[in-house]
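Engineer: Input file: protein05.txt. Contents: compact mmCIF, C-alpha atoms.
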# COMPACT_ATOMS: atom_id res chain seq x y z
CA MET A 12 0.00 0.00 0.00
CA MET A 13 1.23 3.51 -0.75
CA ARG A 14 0.19 6.75 0.81
CA ARG A 15 1.25 10.29 0.03
CA VAL A 16 2.12 12.32 3.13
CA TRP A 17 2.88 16.03 2.66
CA GLY A 18 4.65 15.62 -0.66
CA THR A 19 6.52 12.47 0.33
CA LEU A 20 5.92 8.87 -0.54
CA LEU A 21 5.47 6.52 2.39
CA LEU A 22 6.10 2.86 1.63
CA LEU A 23 4.43 0.69 4.24
CA SER A 24 5.65 -2.81 4.99
CA VAL A 25 3.02 -4.94 3.27
CA GLY A 26 5.46 -7.13 1.37
CA VAL A 27 6.61 -4.40 -1.03
CA VAL A 28 9.51 -2.89 0.87
CA PRO A 29 12.83 -1.45 -0.29
CA ALA A 30 15.88 -3.50 0.63
CA SER A 31 17.10 -0.85 3.08
CA ALA A 32 13.80 -0.73 5.00
CA LYS A 33 12.66 -2.68 8.04
CA ASP A 34 9.15 -1.54 8.87
CA ALA A 35 8.59 1.65 6.88
CA VAL A 36 10.59 4.08 4.84
CA GLU A 37 9.71 7.69 4.21
CA ALA A 38 11.66 8.95 1.20
CA GLN A 39 11.66 12.19 -0.73
CA VAL A 40 10.85 11.10 -4.27
CA ALA A 41 9.64 12.86 -7.37
CA TRP A 42 6.32 11.06 -7.64
CA ASN A 43 3.13 13.05 -8.11
CA ALA A 44 0.62 10.35 -8.93
CA PRO A 45 -2.93 11.21 -7.84
CA PRO A 46 -3.57 10.00 -4.29
CA THR A 47 -6.69 8.24 -5.58
CA ILE A 48 -4.66 5.87 -7.73
CA SER A 49 -4.33 3.21 -5.02
CA GLU A 50 -7.82 3.86 -3.69
CA THR A 51 -9.28 2.45 -6.91
CA ILE A 52 -7.64 -0.92 -6.24
CA PRO A 53 -8.93 -3.21 -3.48
CA ALA A 54 -6.40 -3.59 -0.67
CA ALA A 55 -6.26 -7.36 -1.15
CA ALA A 56 -5.40 -6.95 -4.81
CA GLN A 57 -2.57 -4.57 -3.97
CA THR A 58 -0.81 -6.96 -1.61
CA ALA A 59 -1.80 -10.44 -2.75
CA GLY A 60 0.81 -12.58 -4.43
CA THR A 61 3.87 -10.48 -3.69
CA THR A 62 7.17 -12.28 -3.31
CA SER A 63 9.19 -12.39 -0.10
CA PRO A 64 11.46 -9.53 1.02
CA GLN A 65 14.43 -11.84 0.37
CA ILE A 66 13.42 -12.30 -3.26
CA GLN A 67 12.67 -8.60 -3.66
CA ARG A 68 16.17 -7.75 -2.44
CA ALA A 69 17.65 -10.31 -4.84
CA VAL A 70 15.69 -8.82 -7.75
CA GLU A 71 16.89 -5.33 -6.83
CA GLN A 72 20.49 -6.53 -6.81
CA ARG A 73 20.00 -8.31 -10.12
CA LEU A 74 18.64 -5.09 -11.61
CA ARG A 75 21.46 -2.99 -10.15
CA ASP A 76 24.04 -5.37 -11.59
CA SER A 77 22.38 -5.01 -15.00
CA LEU A 78 22.40 -1.19 -15.05
CA THR A 79 25.30 1.02 -16.06
CA PRO A 80 25.95 4.19 -14.03
CA GLU A 81 24.58 6.22 -16.97
CA MET A 82 21.36 4.23 -16.96
CA LEU A 83 20.90 4.65 -13.24
CA ALA A 84 21.54 8.38 -13.44
CA ASN A 85 19.31 9.14 -16.43
CA PHE A 86 16.12 7.16 -15.84
CA GLY A 87 13.62 7.70 -13.05
CA LEU A 88 11.64 4.47 -13.21
CA PHE A 89 12.93 0.95 -13.82
CA ILE A 90 10.63 -1.92 -14.79
CA TYR A 91 12.19 -5.35 -14.32
CA VAL A 92 10.40 -8.29 -15.96
CA SER A 93 11.46 -11.91 -15.66
CA LYS A 94 10.43 -13.90 -18.73
CA ALA A 95 11.73 -17.14 -17.22
CA SER A 96 9.36 -20.10 -17.18
CA ALA A 97 10.49 -21.25 -13.74
CA GLY A 98 12.05 -19.78 -10.62
CA PRO A 99 10.93 -17.80 -7.56
CA TRP A 100 10.51 -14.57 -9.51
CA ALA A 101 9.66 -16.01 -12.93
CA GLN A 102 6.81 -14.28 -14.80
CA ARG A 103 6.78 -11.27 -12.49
CA MET A 104 7.23 -7.54 -12.85
CA TYR A 105 9.02 -5.39 -10.29
CA VAL A 106 8.73 -1.60 -10.57
CA PHE A 107 11.47 0.47 -8.94
CA GLN A 108 11.79 4.22 -8.65
CA ARG A 109 15.16 5.90 -8.33
CA ALA A 110 15.55 8.18 -5.34
CA GLY A 111 19.11 9.46 -5.28
CA ASP A 112 21.29 6.37 -5.32
CA ASP A 113 18.51 4.18 -3.97
CA LEU A 114 16.01 2.04 -5.84
CA LEU A 115 12.64 1.99 -4.09
CA LEU A 116 10.37 -0.93 -4.87
CA LEU A 117 6.92 0.39 -5.72
CA TYR A 118 5.22 -2.70 -7.10
CA ASP A 119 5.69 -6.48 -7.22
CA TRP A 120 3.17 -8.04 -9.61
CA ALA A 121 2.42 -11.26 -11.45
CA ALA A 122 2.90 -10.88 -15.20
CA SER A 123 2.78 -12.92 -18.39
CA THR A 124 5.28 -12.82 -21.22
CA GLY A 125 5.27 -14.59 -24.58
CA ARG A 126 4.41 -18.23 -25.09
CA GLU A 127 7.71 -18.64 -26.97
CA THR A 128 6.17 -20.62 -29.83
CA VAL A 129 5.26 -20.03 -33.48
CA GLU A 130 1.51 -19.64 -33.99
CA ALA A 131 -1.01 -18.45 -36.55
CA ASP A 132 -2.31 -14.93 -35.88
CA ALA A 133 -5.82 -13.67 -36.63
CA HIS A 134 -4.98 -13.57 -40.35
CA GLY A 135 -3.44 -17.02 -40.48
CA ASP A 136 0.14 -15.77 -40.67
CA GLN A 137 2.74 -17.74 -38.71
CA LEU A 138 4.33 -15.50 -36.11
CA ALA A 139 6.68 -15.99 -33.17
CA THR A 140 5.10 -15.34 -29.77
CA THR A 141 8.43 -14.35 -28.25
CA THR A 142 9.28 -11.67 -25.71
CA PRO A 143 12.86 -10.73 -26.60
CA PRO A 144 15.09 -10.05 -23.58
CA GLY A 145 16.89 -6.73 -23.36
CA TYR A 146 16.52 -3.04 -22.54
CA TYR A 147 13.65 -0.98 -23.91
CA GLU A 148 12.27 2.53 -23.72
CA LEU A 149 8.59 3.39 -24.10
CA ASP A 150 7.27 5.05 -27.25
CA PRO A 151 5.84 8.46 -26.28
CA LYS A 152 3.62 8.42 -29.39
CA ARG A 153 2.06 5.05 -28.58
CA MET A 154 0.42 5.21 -25.18
CA PHE A 155 -3.23 4.14 -25.41
CA GLU A 156 -5.83 3.63 -22.71
CA LYS A 157 -7.87 1.68 -25.27
CA TYR A 158 -6.24 -0.28 -28.07
CA ARG A 159 -6.96 -3.41 -30.07
CA SER A 160 -4.38 -5.56 -31.81
CA SER A 161 -5.31 -6.06 -35.44
CA GLN A 162 -2.66 -8.74 -35.68
CA TRP A 163 -4.16 -10.94 -32.97
CA ASN A 164 -7.66 -9.40 -32.84
CA GLU A 165 -7.38 -8.92 -29.10
CA PRO A 166 -7.94 -5.87 -26.86
CA MET A 167 -4.86 -4.31 -25.23
CA PRO A 168 -6.14 -1.95 -22.50
CA ASN A 169 -3.69 0.61 -21.10
CA ALA A 170 -1.07 -0.27 -23.68
CA MET A 171 2.43 1.23 -23.46
CA PHE A 172 4.36 0.22 -26.57
CA PHE A 173 8.09 -0.27 -26.65
CA ASN A 174 10.01 2.21 -28.78
CA TRP A 175 11.64 -0.66 -30.63
CA MET A 176 12.21 -1.06 -34.36
CA ASP A 177 13.35 -4.51 -35.45
CA HIS A 178 14.80 -4.86 -38.98
CA GLY A 179 12.95 -1.79 -40.17
CA VAL A 180 9.61 -2.76 -38.63
CA GLN A 181 8.07 -0.88 -35.71
CA THR A 182 7.18 -3.73 -33.39
CA GLY A 183 3.90 -4.19 -31.53
CA LEU A 184 5.47 -5.24 -28.24
CA ALA A 185 3.88 -3.49 -25.29
CA ILE A 186 2.98 -3.64 -21.63
CA HIS A 187 -0.80 -3.87 -21.30
CA ALA A 188 -3.68 -5.37 -19.35
CA ALA A 189 -4.66 -8.99 -19.70
CA VAL A 190 -8.29 -9.68 -20.58
CA ASP A 191 -10.67 -12.61 -20.22
CA ASP A 192 -8.83 -15.88 -19.48
CA GLY A 193 -5.49 -14.06 -19.75
CA VAL A 194 -6.05 -12.72 -16.24
CA SER A 195 -6.19 -16.20 -14.70
CA ARG A 196 -3.03 -17.15 -16.61
CA LEU A 197 -0.90 -14.37 -15.14
CA GLY A 198 2.27 -15.84 -13.72
CA THR A 199 2.73 -18.10 -16.75
CA ARG A 200 3.95 -17.66 -20.31
CA ALA A 201 0.62 -16.80 -21.88
CA SER A 202 0.93 -13.80 -24.23
CA ALA A 203 1.73 -13.35 -27.92
CA GLY A 204 4.91 -11.52 -26.92
CA CYS A 205 3.70 -8.54 -24.92
CA VAL A 206 4.00 -8.18 -21.15
CA ARG A 207 0.58 -8.56 -19.55
CA LEU A 208 -0.59 -7.39 -16.14
CA SER A 209 -3.89 -7.54 -14.32
CA PRO A 210 -6.31 -4.79 -15.44
CA ASP A 211 -5.92 -2.84 -12.19
CA ASN A 212 -2.13 -3.09 -12.18
CA ALA A 213 -1.85 -2.14 -15.85
CA ARG A 214 -3.99 0.93 -15.20
CA THR A 215 -1.90 1.87 -12.17
CA LEU A 216 1.38 1.60 -14.12
CA PHE A 217 -0.03 3.44 -17.15
CA THR A 218 -1.18 6.35 -14.98
CA LEU A 219 2.08 6.47 -13.05
CA VAL A 220 4.18 6.63 -16.22
CA ARG A 221 1.95 9.01 -18.18
CA ASP A 222 1.47 11.53 -15.38
CA ASN A 223 4.95 11.57 -13.84
CA PHE A 224 7.78 10.51 -16.10
CA LYS A 225 7.49 12.42 -19.35
CA GLY A 226 10.70 14.24 -20.28
CA THR A 227 13.96 13.62 -22.10
CA VAL A 228 15.73 10.27 -22.11
CA PRO A 229 19.00 8.89 -23.45
CA LYS A 230 18.84 7.69 -27.04
CA LEU A 231 19.30 3.97 -27.52
CA GLY A 232 21.81 2.75 -30.09
CA PHE A 233 20.69 2.03 -33.65
CA ASP A 234 22.18 -0.58 -35.96
CA LYS A 235 22.00 1.05 -39.39
CA TYR A 236 22.92 -2.19 -41.14
CA THR A 237 19.87 -4.04 -39.84
CA SER A 238 17.66 -0.97 -39.17
CA THR A 239 17.18 -2.15 -35.60
CA VAL A 240 17.06 -0.22 -32.34
CA MET A 241 19.63 -1.98 -30.20
CA ASN A 242 18.28 -3.60 -27.05
CA ASN A 243 21.65 -4.46 -25.51
CA GLY A 244 21.70 -1.29 -23.39
CA LEU A 245 24.02 0.76 -25.60
CA LEU A 246 23.35 4.49 -25.22
CA VAL A 247 24.31 7.00 -27.93
CA HIS A 248 26.93 9.66 -27.19
CA GLY A 249 27.59 12.80 -29.18
CA ALA A 250 30.90 14.07 -30.48
CA ASN A 251 31.61 15.77 -27.16
CA GLY A 252 31.04 12.52 -25.26
CA SER A 253 27.74 13.50 -23.67
CA LEU A 254 24.59 11.44 -24.02
CA GLU A 255 22.20 12.24 -26.84
CA MET A 256 18.79 12.95 -25.32
CA VAL A 257 15.39 12.62 -26.99
CA PRO A 258 11.78 13.27 -25.88
CA GLY A 259 10.15 10.31 -24.19
CA TYR A 260 9.43 8.80 -20.80
CA SER A 261 12.13 8.43 -18.17
CA VAL A 262 11.38 4.72 -17.91
CA LEU A 263 13.72 1.83 -18.68
CA VAL A 264 12.25 -1.63 -19.14
CA TYR A 265 14.62 -4.55 -18.60
CA ILE A 266 13.37 -7.96 -19.68
CA ASP A 267 15.49 -10.74 -18.23
CA GLU A 268 15.57 -14.48 -18.90
CA PHE A 269 16.57 -15.25 -15.31
CA GLY A 270 13.96 -16.33 -12.78
CA GLY A 271 16.05 -16.60 -9.63
CA GLU A 272 16.57 -20.35 -9.93
CA ASN A 273 19.62 -20.32 -7.67
CA LEU A 274 17.52 -18.93 -4.82
CA GLU A 275 15.01 -21.72 -5.31
CA ALA A 276 17.74 -24.35 -5.22
CA SER A 277 19.30 -22.88 -2.07
CA ALA A 278 16.03 -23.35 -0.20
CA TYR A 279 16.45 -27.15 -0.24
Any chance you could put this one into structure tokens?
Structural biologist:
Amino acid sequence: MMRRVWGTLLLLSVGVVPASAKDAVEAQVAWNAPPTISETIPAAAQTAGTTSPQIQRAVEQRLRDSLTPEMLANFGLFIYVSKASAGPWAQRMYVFQRAGDDLLLLYDWAASTGRETVEADAHGDQLATTTPPGYYELDPKRMFEKYRSSQWNEPMPNAMFFNWMDHGVQTGLAIHAAVDDGVSRLGTRASAGCVRLSPDNARTLFTLVRDNFKGTVPKLGFDKYTSTVMNNGLLVHGANGSLEMVPGYSVLVYIDEFGGENLEASAY
């Protein structure tokens, strides 16, 4: 549960707690989401299914180890997604906000990534249902509260598309709400490649990003030979060595293939 108190964000110990906290942490953070955002979500839905503090700390360390100092300094929100099929944090999303040198865990949610198969879409074309691992920014021109995939003929509520071009094609990968039986399949590989969340959680994340993190962001590398935005974390620098900045959202999505299997093994 989160509660704004006089311009600060108070994280209460309900299973979503920063690694440095014991019972509660009050931190000055640049987060101005409407106070009603959490009030629209039942309390049980906000806390149910979170992983243990031990796993949350391990995820934070995994994310830190995957970020360069430039990444940590130039993004305000970090979305970690495990696309692993097994492990203590497989098929989950962890949302961290940077506050100084700290990463504060805001949300710990069940998610679904791609089924990792080749299937026929709504038009009968054979397509891969893969969620490629790597680093992604969000496309500021493709944020939709209501959207429907023409490729799969499925609704994608609160869709936030990745700003990712692959071999000259603007991809349709996005974070969005699951619908119908997709909700019950959260926590498993169940999507056509996108990252799915519960409807309430997708709405919460969409509102948080849209209302608080618009600005300039580092430009990701571009492979001119394959016309592909690089998802290996390479950031573009100008002739003077400084980062090239572009309009967007100060959000970095990191999709990882690791599900914390070593933690699971150490429990036995």
Engineer: Provide the atom CA of A:Asp150 to atom CA of A:Ile186 distance in Å, to one decimal place.
Structural biologist: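 Atom CA of A:Asp150 sits 11.2 Å away from atom CA of A:Ile186.
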Engineer: Between A:Asn85, A:Glu165, A:Gly198, A:Asp211, which residue has the minimum interatomic distance to A:Gly98, considering all atoms listed in the file?
Structural biologist: A:Gly198
Engineer: Hey, which of A:Trp120, A:Trp100, A:Phe217, A:Phe86 ends up closest to A:Lys157? Count only C-alpha atoms.
Structural biologist: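 Of all the options, A:Phe217 lies closest to A:Lys157.
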Engineer: Env of A:Met241: 9 Å cut, atoms = all atoms listed in the file, seq-sep filter 5 positions within chain, self excluded. Answer as an mmCIF file with C-alpha atoms, in the coordinates of the input.
Structural biologist:
data_model
loop_
_atom_site.group_PDB
_atom_site.id
_atom_site.type_symbol
_atom_site.label_atom_id
_atom_site.label_comp_id
_atom_site.auth_asym_id
_atom_site.auth_seq_id
_atom_site.Cartn_x
_atom_site.Cartn_y
_atom_site.Cartn_z
ATOM 1 C CA GLY A 145 16.890 -6.730 -23.360
ATOM 2 C CA TYR A 146 16.520 -3.040 -22.540
ATOM 3 C CA TYR A 147 13.650 -0.980 -23.910
ATOM 4 C CA TRP A 175 11.640 -0.660 -30.630
ATOM 5 C CA MET A 176 12.210 -1.060 -34.360
ATOM 6 C CA ASP A 177 13.350 -4.510 -35.450
ATOM 7 C CA LEU A 231 19.300 3.970 -27.520
ATOM 8 C CA GLY A 232 21.810 2.750 -30.090
ATOM 9 C CA PHE A 233 20.690 2.030 -33.650
ATOM 10 C CA ASP A 234 22.180 -0.580 -35.960
ATOM 11 C CA LEU A 246 23.350 4.490 -25.220
#
Engineer: I'd like to know which of A:Gln72, A:Met167, A:Gln67, A:Gln102 is closest to A:Ala189, using all atoms listed in the file.
Structural biologist: A:Met167
Engineer: Have a look at A:Pro229, A:Gly183, A:Pro168, A:Gly252 and name the one nearest to A:Asn212; count only C-alpha atoms.
Structural biologist: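 Answer, going by the shortest atom-to-atom distance: A:Pro168.
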Engineer: Measuring between all atoms listed in the file, which one of A:Leu83, A:Ser123, A:His178, A:Leu78 shows the shortest distance to A:Thr239?
Structural biologist: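 So, comparing all the options, the nearest one is A:His178.
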